Amino acid sequence: VTARLARGDLAPAIVTPPPGPRSRQLASELAANEAPGVNTLGAHDEPAIVWAEALGANVLDVDGNRYVDWTAGFGVAAVGHRHPRVVAAVAAQAARLVHGLGDVAAHPTRVALAARLAALAPVDSPRVHFAVSGADAVEIALKSALAATGRPGILAFDPAYHGVTLGALAATSRHELRRPFEHHLHPHVRRLAYAAPPSAIERALAGDEVGAVVVEPVVGREGVLVPPPGWLAELAAAARAAGALLVVDEIFTGFGRTGPRFAVDRDGVRPDLLCLGKALGGGLPIAAVVGRREVMEVWRTAGEALHTATFLAHPLACAAALATLDVLEEERLVARARALGDTLGPRLAALAGGRAAVVATRGVGALWALELASAGIARRLVDACRARGVLVLAGGPEGRVVALAPPLVLTDAQLAASLAALAGALAATETADVV
Ligand SMILES: Cc1ncc(COP(=O)(O)O)c(C=O)c1O
């Protein structure tokens, strides 16, 4: 099979209005066999596009349309899709060992990755616990904090997205995701508005009940919210004073997305437990928690591992992660995220200026958002962008926030072409709104 996308630095090129006939056909075949909801049929029975290939910042769909991916594949493709270094590392690992044995038998690539993460993470006396997904990492972090403190309570924020397994879902705020399972969710969660003032935090932490304070340092898919400078440091201080452990979920923000390598770096915060995922694997599924050594001692047992998974620290994913960390450094992608932010901020503000459809623009580094006046407008904008070859996702508690989170390898030419497409999409969305 020869890939058709030979480069990943190209502008959008739409050859048939998406979703094209092949995407529609595959989407209906998928819907015939997969559980509803988790498939490519959208909420309005409008098929999503089916991806055939992706490289760098480009995605090619099965109908031959080429896009610029401003979702970075849910924030995963920081180094771009199918980075050659990542692909080569996976191929080399596949020639040696494809499967390891979770908690029973390690492999050298995993040993190297644990050392690398421990060296990178802004955590004192770091110890790494691998995980298979972001939600699994959140489970591990919450279990670590609750077991280490012996306290039942979790303080979480609104909005927040930490994953949808039962433990992580307790900390996730979105009502629609929680409602069918509300009888089964952890009953000891207290929730404050994101960036709540220190006095409210101190009140919520009073009573020595709370063992884990779990927070996104910048809210990602729940609407892209950047807390005021210093807020995270105040939260960390309040948690420490109350004897609770600070769990920072950098699954979205980690590895450069917001400008510094980790979003906590902006406030100089050193979490007790740091959750990592998404970009870490360069496209392969891997996540991790880096915790303080004393906290991670809760996992020491004489018998079976208390938390593990069949595919824990998967060799291919560990190899991909090591290559990804190399690429982030060698291509100076954290600095690139900052530079993207410097351009995107004023350009988005200019695009949005005077448009009634846009309530606000905000963001930092390579994570930005357009907050629209309604979910309907946001949906139309997503479609209008796609029709112009720019992939974006709507999120936020009411689905009104269109997030912009491109691969950090996005070129200046791709940036310019995408912003032109976004301007056209905004104009078309507003016109449609009037009609
Ligand atoms: C901040 C944050 N935490 C956790 C998760 C869950 O990760 P996963 O989808 O890999 O379970 C996500 C996914 O979007 C996330 O953005």
# chains A, B, ... in the order shown; residues from 1 in each chain; ligands from 1
>>> closest_atom_pairs(of="chain A", to="ligand 1", cutoff="8 Å", atoms="only C-alpha atoms and all ligand atoms", output="Markdown table")
| residue | atom | partner | partner_atom_place_in_ligand_line | distance |
| --- | --- | --- | --- | --- |
| A:Phe74 | CA | ligand 1 | 14 (O) | 6.6 |
| A:Gly75 | CA | ligand 1 | 14 (O) | 7.8 |
| A:Val132 | CA | ligand 1 | 10 (O) | 7.9 |
| A:Ser133 | CA | ligand 1 | 10 (O) | 4.2 |
| A:Gly134 | CA | ligand 1 | 7 (O) | 3.3 |
| A:Ala135 | CA | ligand 1 | 11 (O) | 3.7 |
| A:Asp136 | CA | ligand 1 | 11 (O) | 6.4 |
| A:Ala137 | CA | ligand 1 | 4 (C) | 7.9 |
| A:Val138 | CA | ligand 1 | 4 (C) | 6.8 |
| A:Ala160 | CA | ligand 1 | 1 (C) | 7.5 |
| A:Tyr161 | CA | ligand 1 | 2 (C) | 5.3 |
| A:His162 | CA | ligand 1 | 3 (N) | 3.7 |
| A:Gly163 | CA | ligand 1 | 6 (C) | 3.7 |
| A:Val164 | CA | ligand 1 | 11 (O) | 6.8 |
| A:Thr165 | CA | ligand 1 | 11 (O) | 7.7 |
| A:Ala168 | CA | ligand 1 | 4 (C) | 7.9 |
| A:Glu216 | CA | ligand 1 | 1 (C) | 6.0 |
| A:Val219 | CA | ligand 1 | 1 (C) | 7.0 |
| A:Gly220 | CA | ligand 1 | 16 (O) | 5.7 |
| A:Arg221 | CA | ligand 1 | 16 (O) | 5.8 |
| A:Asp249 | CA | ligand 1 | 1 (C) | 5.5 |
| A:Glu250 | CA | ligand 1 | 1 (C) | 6.0 |
| A:Ile251 | CA | ligand 1 | 1 (C) | 4.8 |
| A:Phe252 | CA | ligand 1 | 16 (O) | 4.6 |
| A:Thr253 | CA | ligand 1 | 1 (C) | 7.2 |
| A:Cys275 | CA | ligand 1 | 3 (N) | 7.8 |
| A:Gly277 | CA | ligand 1 | 10 (O) | 6.5 |
| A:Lys278 | CA | ligand 1 | 10 (O) | 6.3 |
| A:Pro285 | CA | ligand 1 | 10 (O) | 7.8 |
| A:Ala287 | CA | ligand 1 | 10 (O) | 7.5 |
>>> write_last_selection(atoms="N, CA, C and O atoms", output="compact mmCIF listing (two decimals), in the first residue's frame")
# COMPACT_ATOMS: atom_id res chain seq x y z
N PHE A 74 -7.45 15.01 18.69
CA PHE A 74 -7.76 15.10 20.14
C PHE A 74 -6.54 15.55 20.96
O PHE A 74 -6.42 15.21 22.14
N GLY A 75 -5.64 16.29 20.35
CA GLY A 75 -4.47 16.76 21.11
C GLY A 75 -3.32 15.78 21.13
O GLY A 75 -2.30 16.01 21.79
N VAL A 132 -2.79 2.82 30.41
CA VAL A 132 -3.09 2.55 29.01
C VAL A 132 -3.91 3.65 28.33
O VAL A 132 -4.03 3.68 27.12
N SER A 133 -4.52 4.52 29.13
CA SER A 133 -5.30 5.63 28.55
C SER A 133 -5.28 6.78 29.54
O SER A 133 -4.86 6.60 30.70
N GLY A 134 -5.78 7.92 29.10
CA GLY A 134 -5.85 9.06 30.00
C GLY A 134 -6.72 8.78 31.20
O GLY A 134 -6.35 9.06 32.34
N ALA A 135 -7.89 8.20 30.95
CA ALA A 135 -8.79 7.90 32.06
C ALA A 135 -8.14 6.93 33.04
O ALA A 135 -8.29 7.06 34.26
N ASP A 136 -7.41 5.96 32.52
CA ASP A 136 -6.70 5.00 33.39
C ASP A 136 -5.68 5.75 34.25
O ASP A 136 -5.53 5.45 35.45
N ALA A 137 -5.00 6.72 33.68
CA ALA A 137 -4.04 7.51 34.46
C ALA A 137 -4.76 8.28 35.57
O ALA A 137 -4.27 8.35 36.71
N VAL A 138 -5.92 8.83 35.25
CA VAL A 138 -6.68 9.56 36.28
C VAL A 138 -7.12 8.60 37.39
O VAL A 138 -7.04 8.93 38.58
N ALA A 160 -14.79 20.42 33.98
CA ALA A 160 -13.57 19.60 33.99
C ALA A 160 -13.84 18.36 33.16
O ALA A 160 -14.96 17.84 33.18
N TYR A 161 -12.83 17.90 32.47
CA TYR A 161 -12.92 16.62 31.77
C TYR A 161 -11.71 15.79 32.15
O TYR A 161 -10.57 16.19 31.91
N HIS A 162 -11.99 14.65 32.79
CA HIS A 162 -10.89 13.77 33.21
C HIS A 162 -11.04 12.36 32.66
O HIS A 162 -10.35 11.46 33.10
N GLY A 163 -11.99 12.15 31.74
CA GLY A 163 -12.22 10.82 31.20
C GLY A 163 -13.56 10.28 31.65
O GLY A 163 -14.26 10.91 32.46
N VAL A 164 -13.91 9.11 31.15
CA VAL A 164 -15.28 8.61 31.37
C VAL A 164 -15.35 7.20 31.98
O VAL A 164 -16.42 6.61 31.99
N THR A 165 -14.24 6.66 32.47
CA THR A 165 -14.38 5.45 33.28
C THR A 165 -15.04 5.86 34.60
O THR A 165 -15.04 7.06 34.94
N ALA A 168 -12.92 8.18 36.95
CA ALA A 168 -12.60 9.46 36.33
C ALA A 168 -13.87 10.28 36.09
O ALA A 168 -13.87 11.50 36.24
N GLU A 216 -7.42 20.46 36.00
CA GLU A 216 -6.72 20.72 34.73
C GLU A 216 -6.06 22.10 34.86
O GLU A 216 -6.74 23.08 35.18
N VAL A 219 -8.17 24.32 31.30
CA VAL A 219 -9.26 23.42 30.91
C VAL A 219 -9.19 23.20 29.40
O VAL A 219 -9.09 24.17 28.64
N GLY A 220 -9.21 21.93 28.99
CA GLY A 220 -9.11 21.62 27.57
C GLY A 220 -10.46 21.49 26.91
O GLY A 220 -11.10 22.50 26.57
N ARG A 221 -10.94 20.26 26.75
CA ARG A 221 -12.11 20.08 25.89
C ARG A 221 -13.40 20.63 26.49
O ARG A 221 -14.38 20.78 25.77
N ASP A 249 -4.01 17.19 36.09
CA ASP A 249 -4.29 16.44 34.87
C ASP A 249 -3.75 17.22 33.67
O ASP A 249 -4.38 18.17 33.20
N GLU A 250 -2.55 16.82 33.23
CA GLU A 250 -1.93 17.47 32.05
C GLU A 250 -2.05 16.57 30.83
O GLU A 250 -1.21 16.62 29.93
N ILE A 251 -3.09 15.74 30.82
CA ILE A 251 -3.26 14.82 29.70
C ILE A 251 -3.42 15.60 28.39
O ILE A 251 -2.86 15.22 27.36
N PHE A 252 -4.14 16.71 28.44
CA PHE A 252 -4.29 17.55 27.25
C PHE A 252 -3.16 18.58 27.16
O PHE A 252 -2.60 18.82 26.09
N THR A 253 -2.80 19.17 28.28
CA THR A 253 -1.91 20.34 28.24
C THR A 253 -0.43 19.99 28.22
O THR A 253 0.40 20.86 27.92
N CYS A 275 -0.77 13.69 35.79
CA CYS A 275 -1.31 12.74 34.80
C CYS A 275 -0.88 13.17 33.40
O CYS A 275 -1.07 14.33 33.02
N GLY A 277 -0.69 11.93 29.08
CA GLY A 277 -1.26 11.01 28.09
C GLY A 277 -1.20 11.66 26.72
O GLY A 277 -0.25 12.39 26.40
N LYS A 278 -2.19 11.43 25.92
CA LYS A 278 -2.34 12.05 24.60
C LYS A 278 -1.03 12.19 23.82
O LYS A 278 -0.56 11.25 23.23
N PRO A 285 -1.23 4.45 21.93
CA PRO A 285 -1.92 4.63 23.21
C PRO A 285 -1.02 4.36 24.40
O PRO A 285 -0.60 3.22 24.62
N ALA A 287 -0.26 6.29 28.53
CA ALA A 287 -0.43 7.38 29.48
C ALA A 287 0.40 7.04 30.70
O ALA A 287 0.96 5.94 30.79
>>> residues_around(residues="Leu415 in chain A", least_positions_apart="3", cutoff="12 Å", atoms="only C-alpha atoms", output="PDB file with C-alpha atoms, in the first residue's frame")
ATOM      1  CA  ASP A   9       2.883  20.594   5.483  1.00  0.00           C
ATOM      2  CA  LEU A  10       0.277  21.185   2.798  1.00  0.00           C
ATOM      3  CA  ALA A  11      -2.680  23.541   2.590  1.00  0.00           C
ATOM      4  CA  PRO A  12      -6.246  22.214   2.519  1.00  0.00           C
ATOM      5  CA  ALA A  57      -0.652  18.518  10.195  1.00  0.00           C
ATOM      6  CA  ASN A  58      -2.551  17.003   7.266  1.00  0.00           C
ATOM      7  CA  VAL A  68      -5.339  20.730   8.053  1.00  0.00           C
ATOM      8  CA  ASP A  69      -6.037  19.112  11.406  1.00  0.00           C
ATOM      9  CA  TRP A  70      -6.718  21.771  14.037  1.00  0.00           C
ATOM     10  CA  ALA A 339       5.118  31.287  18.787  1.00  0.00           C
ATOM     11  CA  LEU A 340       1.819  29.896  17.485  1.00  0.00           C
ATOM     12  CA  GLY A 341       0.097  31.467  20.487  1.00  0.00           C
ATOM     13  CA  THR A 343       0.270  34.783  16.301  1.00  0.00           C
ATOM     14  CA  LEU A 344      -3.054  33.134  17.040  1.00  0.00           C
ATOM     15  CA  ARG A 347      -5.285  36.987  14.596  1.00  0.00           C
ATOM     16  CA  LEU A 348      -8.300  35.314  16.224  1.00  0.00           C
ATOM     17  CA  ALA A 366      -1.282  26.166  20.790  1.00  0.00           C
ATOM     18  CA  VAL A 390      -9.990  22.762   8.289  1.00  0.00           C
ATOM     19  CA  LEU A 404      -8.200  25.213  17.989  1.00  0.00           C
ATOM     20  CA  ALA A 405      -5.409  22.824  18.931  1.00  0.00           C
ATOM     21  CA  PRO A 406      -3.177  22.229  15.917  1.00  0.00           C
ATOM     22  CA  PRO A 407      -0.153  19.957  15.752  1.00  0.00           C
ATOM     23  CA  LEU A 408       2.834  21.961  16.966  1.00  0.00           C
ATOM     24  CA  VAL A 409       4.513  21.272  13.603  1.00  0.00           C
ATOM     25  CA  LEU A 410       1.884  23.372  11.818  1.00  0.00           C
ATOM     26  CA  THR A 411       3.755  25.547   9.313  1.00  0.00           C
ATOM     27  CA  ASP A 412       3.281  29.294   8.877  1.00  0.00           C
ATOM     28  CA  SER A 418      -6.275  27.832   7.815  1.00  0.00           C
ATOM     29  CA  LEU A 419      -7.026  31.291   9.174  1.00  0.00           C
ATOM     30  CA  ALA A 420      -8.251  32.370   5.738  1.00  0.00           C
ATOM     31  CA  ALA A 421     -10.524  29.314   5.684  1.00  0.00           C
ATOM     32  CA  LEU A 422     -11.702  30.087   9.212  1.00  0.00           C
TER      33      LEU A 422
END
>>> residues_around(residues="Ala384 in chain A", least_positions_apart="4", cutoff="7 Å", atoms="only C-alpha atoms", output="list in words")
Arg380, Arg388, Ala425 and Thr429 of chain A
>>> write_last_selection(atoms="C-alpha atoms", output="compact mmCIF listing (two decimals), in the first residue's frame")
# COMPACT_ATOMS: atom_id res chain seq x y z
CA ARG A 380 -22.34 25.19 11.69
CA ARG A 388 -12.98 24.49 3.57
CA ALA A 425 -16.29 29.81 7.50
CA THR A 429 -21.84 30.79 9.41
>>> residues_around(residues="range 147-158 of chain A", least_positions_apart="5", cutoff="8 Å", atoms="only C-alpha atoms", output="list in words")
Ala171, Thr172, Ser173, His188, Val189, Arg190, Arg191, Leu192, Ala193, Tyr194, Ala204, Leu205, Asp208, Glu209, Val210, Gly211, Ala212, Val213, Val214, Val215, Gly243, Ala244, Leu245, Val295, Met296 and Val298 of chain A
>>> closest_residue(among="A:Val226, A:Cys385, A:Ala92, A:Val334", to="Gly254 in chain A", atoms="only C-alpha atoms")
A:Val334
>>> select_by_dssp(residues="range 111-358 of chain A", states="alpha helix (DSSP H)", output="number ranges by chain")
A: 111-120, 134-149, 166-171, 175-178, 198-205, 231-242, 293-296, 315-330, 333-352
